[in-house]
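Working notes for the structure below.
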Amino acid sequence: MAIEVMLEGTLEEEKDFEGYMKFIQEIAIQNQMKMEIYEDSAFIEVCPEGYIEISCENLFLSICAQTNVAGPGFHAFICSFFHQLQDKSPLALTASDPTGYYEQQNFEHLKYGIFHRWLSDIAAFVKRHEGSDEELCISWPLVDYYQPKYKEGSVVTPLGYIKVKDFYETDVNELADYFFIWNHLERDALYYRNAALNLLWKECRFQYSNMNEDTKKQTDTILDLLEIAYEKDKELPLPVNEYLCLCTLRGRKKGLDDATAMNCPFKIGYRHDIVEYRYGNWSIPANGFCEKSYDYRNEICCLIAPYENENDPWKWMYRFGAVNESISVVKQAQEWEIYGEVLQWSQQEVSGAAVCMPQEDHILIEALLECNQEYLSVQLIVLDEADKAELIQRLQAISYQKKSNADTQA
């Protein structure tokens, strides 16, 4: 159900890739976009939920953007950017746009005939699944991203929870303003507000905004977006309370004088709750505010307890890794008995064992989980004894959820 626009071409030699990426980067900079270049791929972030992915395999070059999440304005912008690439490219590029906008430039048709019709189909999908046990996540990444807490009678979207009935009963043209970040042709006040809302819901660490340079930058971006939205339209409702809270945390002068506060039925921010992090087919419940890092060389994922300032110590840390050989969880539990207190559990199809080993200044917990002959190794370091019981409970709640693109993401 994705809407995509693409440019394709064929390089003459592999060494041409680096030079061609520099050509694209120059045009990206002219359009005030940041581009990250890797060995055989590149990535451009245009706006929240709006990206351009570039890949090269066997000299075949693909420049692609999936646009249905960000909205019709993003699609139109991408087509304009792709026209610049195609016009100036030393390499012949072929464009592919199933919406027809690349050739016809008819934004009314793109907006109402393509994107709002697509959203109408999503609303019908939501209505068909009303009352089911499925957790509906619309336009939400299924791989390498956390899963928000499910709330009964609501749908997870990139701009926050939407009540199921509101999703399919609201006029689609009105719903679009609360679903798409970039619903109009221009970057208007609504665009800036929705871009801020996306970051507030998905990424903002709120009281932990000063945790590291990334969280600081992210928070400042949210504040900038809201202030631009206010300057463009002082009547547009904004998340005023969240704005004021973040200004206080960042020591920033407060603006939005007399701004109208949004009426939101849910507390803004998925990360306020326990969320599910993904590691392969494993689903790991943990604090939504925690700091996540990944060691690609050793394929180790770390989740670290949130901290309010970058110089503050963390209170706990998980390290997750795959085990590539068959190990009996029962036998491992027996071998661990000489080192400390051993725990064993079974929930659904997952079997697990752990050993708690008190150290001089922390508690070390080693664990092994198995499901369908897949194994997960876990190391948990706990500094405060008071946190031990809850963290072990989270450890025992780790589940195995093999997902496909056919699941309830639309």
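Residues are named by chain letter and number: chains run A, B, ... in the order of the structure tokens, numbers start at 1 in each chain, and ligands are numbered from 1 in the order shown.
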Who sits within 12 Å of A:Arg128, only C-alpha atoms, same chain under 4 positions skipped, as number ranges by chain: A: 121-124, 132, 134, 136, 164-165, 167-168, 408
Keeping N, CA and C atoms, export the residues of the selection given above as a PDB file, in the first residue's frame.
```pdb
ATOM      1  N   ASP A 121      -8.859   4.442   2.341  1.00  0.00           N
ATOM      2  CA  ASP A 121      -8.705   2.981   2.358  1.00  0.00           C
ATOM      3  C   ASP A 121      -8.163   2.508   3.707  1.00  0.00           C
ATOM      4  N   ILE A 122      -7.240   3.283   4.292  1.00  0.00           N
ATOM      5  CA  ILE A 122      -6.709   2.935   5.607  1.00  0.00           C
ATOM      6  C   ILE A 122      -7.814   3.017   6.661  1.00  0.00           C
ATOM      7  N   ALA A 123      -8.667   4.035   6.559  1.00  0.00           N
ATOM      8  CA  ALA A 123      -9.783   4.172   7.506  1.00  0.00           C
ATOM      9  C   ALA A 123     -10.719   2.976   7.405  1.00  0.00           C
ATOM     10  N   ALA A 124     -10.961   2.507   6.176  1.00  0.00           N
ATOM     11  CA  ALA A 124     -11.804   1.321   5.985  1.00  0.00           C
ATOM     12  C   ALA A 124     -11.130   0.087   6.596  1.00  0.00           C
ATOM     13  N   SER A 132     -11.209  -6.217  17.174  1.00  0.00           N
ATOM     14  CA  SER A 132     -10.326  -7.386  17.132  1.00  0.00           C
ATOM     15  C   SER A 132      -9.222  -7.226  18.169  1.00  0.00           C
ATOM     16  N   GLU A 134      -6.106  -7.400  17.424  1.00  0.00           N
ATOM     17  CA  GLU A 134      -4.899  -6.935  16.749  1.00  0.00           C
ATOM     18  C   GLU A 134      -4.529  -5.525  17.203  1.00  0.00           C
ATOM     19  N   LEU A 136      -3.261  -2.245  16.137  1.00  0.00           N
ATOM     20  CA  LEU A 136      -3.161  -1.550  14.860  1.00  0.00           C
ATOM     21  C   LEU A 136      -2.098  -0.457  14.909  1.00  0.00           C
ATOM     22  N   VAL A 164     -10.128   4.738  17.390  1.00  0.00           N
ATOM     23  CA  VAL A 164     -10.564   3.966  16.224  1.00  0.00           C
ATOM     24  C   VAL A 164     -11.778   4.609  15.554  1.00  0.00           C
ATOM     25  N   LYS A 165     -12.783   4.963  16.334  1.00  0.00           N
ATOM     26  CA  LYS A 165     -14.000   5.560  15.756  1.00  0.00           C
ATOM     27  C   LYS A 165     -13.695   6.901  15.092  1.00  0.00           C
ATOM     28  N   PHE A 167     -10.965   7.653  13.701  1.00  0.00           N
ATOM     29  CA  PHE A 167     -10.201   7.393  12.476  1.00  0.00           C
ATOM     30  C   PHE A 167     -11.133   7.149  11.290  1.00  0.00           C
ATOM     31  N   TYR A 168     -12.198   6.360  11.495  1.00  0.00           N
ATOM     32  CA  TYR A 168     -13.029   6.041  10.326  1.00  0.00           C
ATOM     33  C   TYR A 168     -14.304   6.886  10.218  1.00  0.00           C
ATOM     34  N   THR A 408      -0.149  -5.971  11.063  1.00  0.00           N
ATOM     35  CA  THR A 408      -1.150  -4.904  11.115  1.00  0.00           C
ATOM     36  C   THR A 408      -0.600  -3.509  10.869  1.00  0.00           C
TER      37      THR A 408
END
```
Near-stretch 368-381 of chain A list (10 Å; only C-alpha atoms; drop same-chain fewer than 5 positions) as a PyMOL selection string: chain A and resi 279-282+300-304+315-330+332-333+344-346+348-359+362-363+388+391-392+395-396+398-401
Same residues, N, CA and C atoms, saved as a compact mmCIF listing (two decimals), in the first residue's frame:
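Result file is result-v9.txt:
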```txt
# COMPACT_ATOMS: atom_id res chain seq x y z
N TYR A 279 14.97 -6.89 18.74
CA TYR A 279 16.29 -7.43 18.45
C TYR A 279 16.05 -8.72 17.67
N GLY A 280 16.19 -8.65 16.36
CA GLY A 280 15.83 -9.81 15.54
C GLY A 280 14.35 -10.11 15.71
N ASN A 281 14.04 -11.34 16.06
CA ASN A 281 12.66 -11.75 16.29
C ASN A 281 12.24 -11.62 17.75
N TRP A 282 13.12 -11.05 18.57
CA TRP A 282 12.82 -10.89 19.99
C TRP A 282 12.22 -9.51 20.27
N ILE A 300 25.62 -6.43 18.94
CA ILE A 300 25.18 -6.32 20.33
C ILE A 300 24.31 -5.07 20.46
N CYS A 301 23.12 -5.25 21.06
CA CYS A 301 22.22 -4.13 21.32
C CYS A 301 22.27 -3.78 22.81
N CYS A 302 22.39 -2.49 23.13
CA CYS A 302 22.42 -2.05 24.52
C CYS A 302 21.24 -1.12 24.80
N LEU A 303 20.62 -1.32 25.94
CA LEU A 303 19.59 -0.41 26.45
C LEU A 303 20.05 0.08 27.81
N ILE A 304 20.18 1.40 27.95
CA ILE A 304 20.72 1.99 29.17
C ILE A 304 19.65 2.86 29.83
N LYS A 315 21.55 3.84 35.91
CA LYS A 315 21.23 2.93 37.02
C LYS A 315 21.19 1.47 36.60
N TRP A 316 21.01 1.21 35.31
CA TRP A 316 21.01 -0.18 34.83
C TRP A 316 21.32 -0.22 33.34
N MET A 317 21.74 -1.40 32.87
CA MET A 317 22.05 -1.55 31.46
C MET A 317 21.81 -3.00 31.03
N TYR A 318 21.10 -3.16 29.89
CA TYR A 318 20.92 -4.46 29.25
C TYR A 318 21.87 -4.56 28.06
N ARG A 319 22.43 -5.75 27.84
CA ARG A 319 23.18 -6.06 26.62
C ARG A 319 22.58 -7.33 26.01
N PHE A 320 22.18 -7.25 24.76
CA PHE A 320 21.54 -8.38 24.09
C PHE A 320 22.39 -8.84 22.92
N GLY A 321 22.50 -10.16 22.78
CA GLY A 321 23.25 -10.73 21.66
C GLY A 321 22.67 -12.06 21.24
N ALA A 322 22.85 -12.41 19.98
CA ALA A 322 22.36 -13.70 19.48
C ALA A 322 23.37 -14.80 19.81
N VAL A 323 22.88 -16.00 20.00
CA VAL A 323 23.71 -17.17 20.23
C VAL A 323 23.53 -18.10 19.03
N ASN A 324 24.63 -18.44 18.39
CA ASN A 324 24.54 -19.18 17.12
C ASN A 324 24.69 -20.69 17.27
N GLU A 325 24.74 -21.17 18.50
CA GLU A 325 24.83 -22.61 18.72
C GLU A 325 23.72 -23.07 19.65
N SER A 326 23.32 -24.33 19.50
CA SER A 326 22.23 -24.86 20.33
C SER A 326 22.71 -25.08 21.76
N ILE A 327 21.96 -24.54 22.70
CA ILE A 327 22.29 -24.68 24.12
C ILE A 327 21.02 -25.06 24.87
N SER A 328 21.12 -26.01 25.76
CA SER A 328 19.98 -26.38 26.59
C SER A 328 19.83 -25.35 27.72
N VAL A 329 18.67 -24.70 27.76
CA VAL A 329 18.43 -23.71 28.81
C VAL A 329 18.47 -24.38 30.18
N VAL A 330 17.93 -25.59 30.28
CA VAL A 330 17.92 -26.32 31.56
C VAL A 330 19.35 -26.64 31.99
N GLN A 332 22.08 -25.07 31.07
CA GLN A 332 22.75 -23.83 31.41
C GLN A 332 22.38 -23.38 32.81
N ALA A 333 21.11 -23.54 33.18
CA ALA A 333 20.66 -23.17 34.53
C ALA A 333 21.39 -24.00 35.58
N GLN A 344 14.36 -19.75 36.67
CA GLN A 344 13.92 -20.37 35.42
C GLN A 344 12.45 -20.02 35.19
N TRP A 345 12.08 -19.85 33.93
CA TRP A 345 10.69 -19.51 33.62
C TRP A 345 10.34 -19.98 32.22
N SER A 346 9.04 -19.97 31.98
CA SER A 346 8.53 -20.31 30.66
C SER A 346 7.25 -19.52 30.45
N GLN A 348 4.51 -18.53 27.13
CA GLN A 348 4.19 -18.84 25.74
C GLN A 348 5.18 -19.88 25.23
N GLU A 349 5.95 -19.60 24.19
CA GLU A 349 6.89 -20.59 23.67
C GLU A 349 8.32 -20.31 24.10
N VAL A 350 8.52 -19.30 24.94
CA VAL A 350 9.86 -18.90 25.35
C VAL A 350 10.25 -19.58 26.65
N SER A 351 11.45 -20.17 26.67
CA SER A 351 12.03 -20.72 27.89
C SER A 351 13.22 -19.87 28.28
N GLY A 352 13.39 -19.62 29.58
CA GLY A 352 14.48 -18.77 29.99
C GLY A 352 15.08 -19.19 31.31
N ALA A 353 16.34 -18.80 31.50
CA ALA A 353 17.03 -19.03 32.76
C ALA A 353 17.97 -17.86 33.00
N ALA A 354 18.18 -17.55 34.27
CA ALA A 354 19.07 -16.43 34.62
C ALA A 354 19.76 -16.73 35.94
N VAL A 355 20.92 -16.14 36.13
CA VAL A 355 21.65 -16.25 37.39
C VAL A 355 21.96 -14.85 37.89
N CYS A 356 21.70 -14.61 39.17
CA CYS A 356 21.96 -13.31 39.80
C CYS A 356 23.26 -13.41 40.61
N MET A 357 24.22 -12.58 40.27
CA MET A 357 25.54 -12.65 40.91
C MET A 357 25.90 -11.29 41.50
N PRO A 358 25.69 -11.10 42.81
CA PRO A 358 26.03 -9.83 43.44
C PRO A 358 27.52 -9.54 43.35
N GLN A 359 27.84 -8.31 42.92
CA GLN A 359 29.23 -7.87 42.85
C GLN A 359 29.45 -6.78 43.90
N HIS A 362 27.55 -3.59 42.21
CA HIS A 362 26.41 -3.80 41.33
C HIS A 362 25.97 -5.25 41.37
N ILE A 363 24.84 -5.51 40.73
CA ILE A 363 24.35 -6.89 40.58
C ILE A 363 24.48 -7.26 39.12
N LYS A 388 16.02 -4.19 41.05
CA LYS A 388 16.27 -5.56 40.61
C LYS A 388 14.99 -6.31 40.25
N LEU A 391 13.28 -5.12 36.98
CA LEU A 391 14.08 -5.40 35.79
C LEU A 391 14.08 -6.90 35.47
N ILE A 392 14.07 -7.74 36.48
CA ILE A 392 13.96 -9.18 36.22
C ILE A 392 12.60 -9.51 35.64
N LEU A 395 12.76 -8.76 32.11
CA LEU A 395 13.55 -9.81 31.47
C LEU A 395 12.70 -11.04 31.18
N GLN A 396 11.89 -11.42 32.14
CA GLN A 396 11.04 -12.60 31.99
C GLN A 396 9.87 -12.37 31.04
N ILE A 398 10.26 -10.88 28.07
CA ILE A 398 10.76 -10.86 26.69
C ILE A 398 10.05 -11.96 25.90
N SER A 399 9.57 -11.59 24.72
CA SER A 399 8.80 -12.54 23.91
C SER A 399 9.43 -12.70 22.53
N TYR A 400 8.98 -13.71 21.84
CA TYR A 400 9.46 -14.02 20.49
C TYR A 400 8.31 -13.72 19.53
N GLN A 401 8.54 -12.78 18.64
CA GLN A 401 7.46 -12.35 17.74
C GLN A 401 8.01 -12.21 16.33
```
Residues of stretch 128-282 of chain A in strand (DSSP E), written as a ChimeraX atom specification: /A:154-155,162-163,274-279,282
Between atom CA of A:Gly131 and atom CA of A:Leu159, distance in Å (one decimal):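 Atom CA of A:Gly131 sits 22.2 Å away from atom CA of A:Leu159.
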Each stretch 120-144 of chain A residue no farther than 12 Å from stretch 256-277 of chain A, nearest pair in Å, only C-alpha atoms, as a Markdown table:
```
| residue | atom | partner | partner_atom | distance |
| --- | --- | --- | --- | --- |
| A:Pro141 | CA | A:Tyr277 | CA | 11.7 |
| A:Leu142 | CA | A:Tyr277 | CA | 10.3 |
| A:Val143 | CA | A:Tyr277 | CA | 9.6 |
| A:Asp144 | CA | A:Tyr277 | CA | 7.7 |
```
Separation of atom CA of A:Ile63 from atom CA of A:Glu39 in Å: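 So the answer is 15.2 Å.
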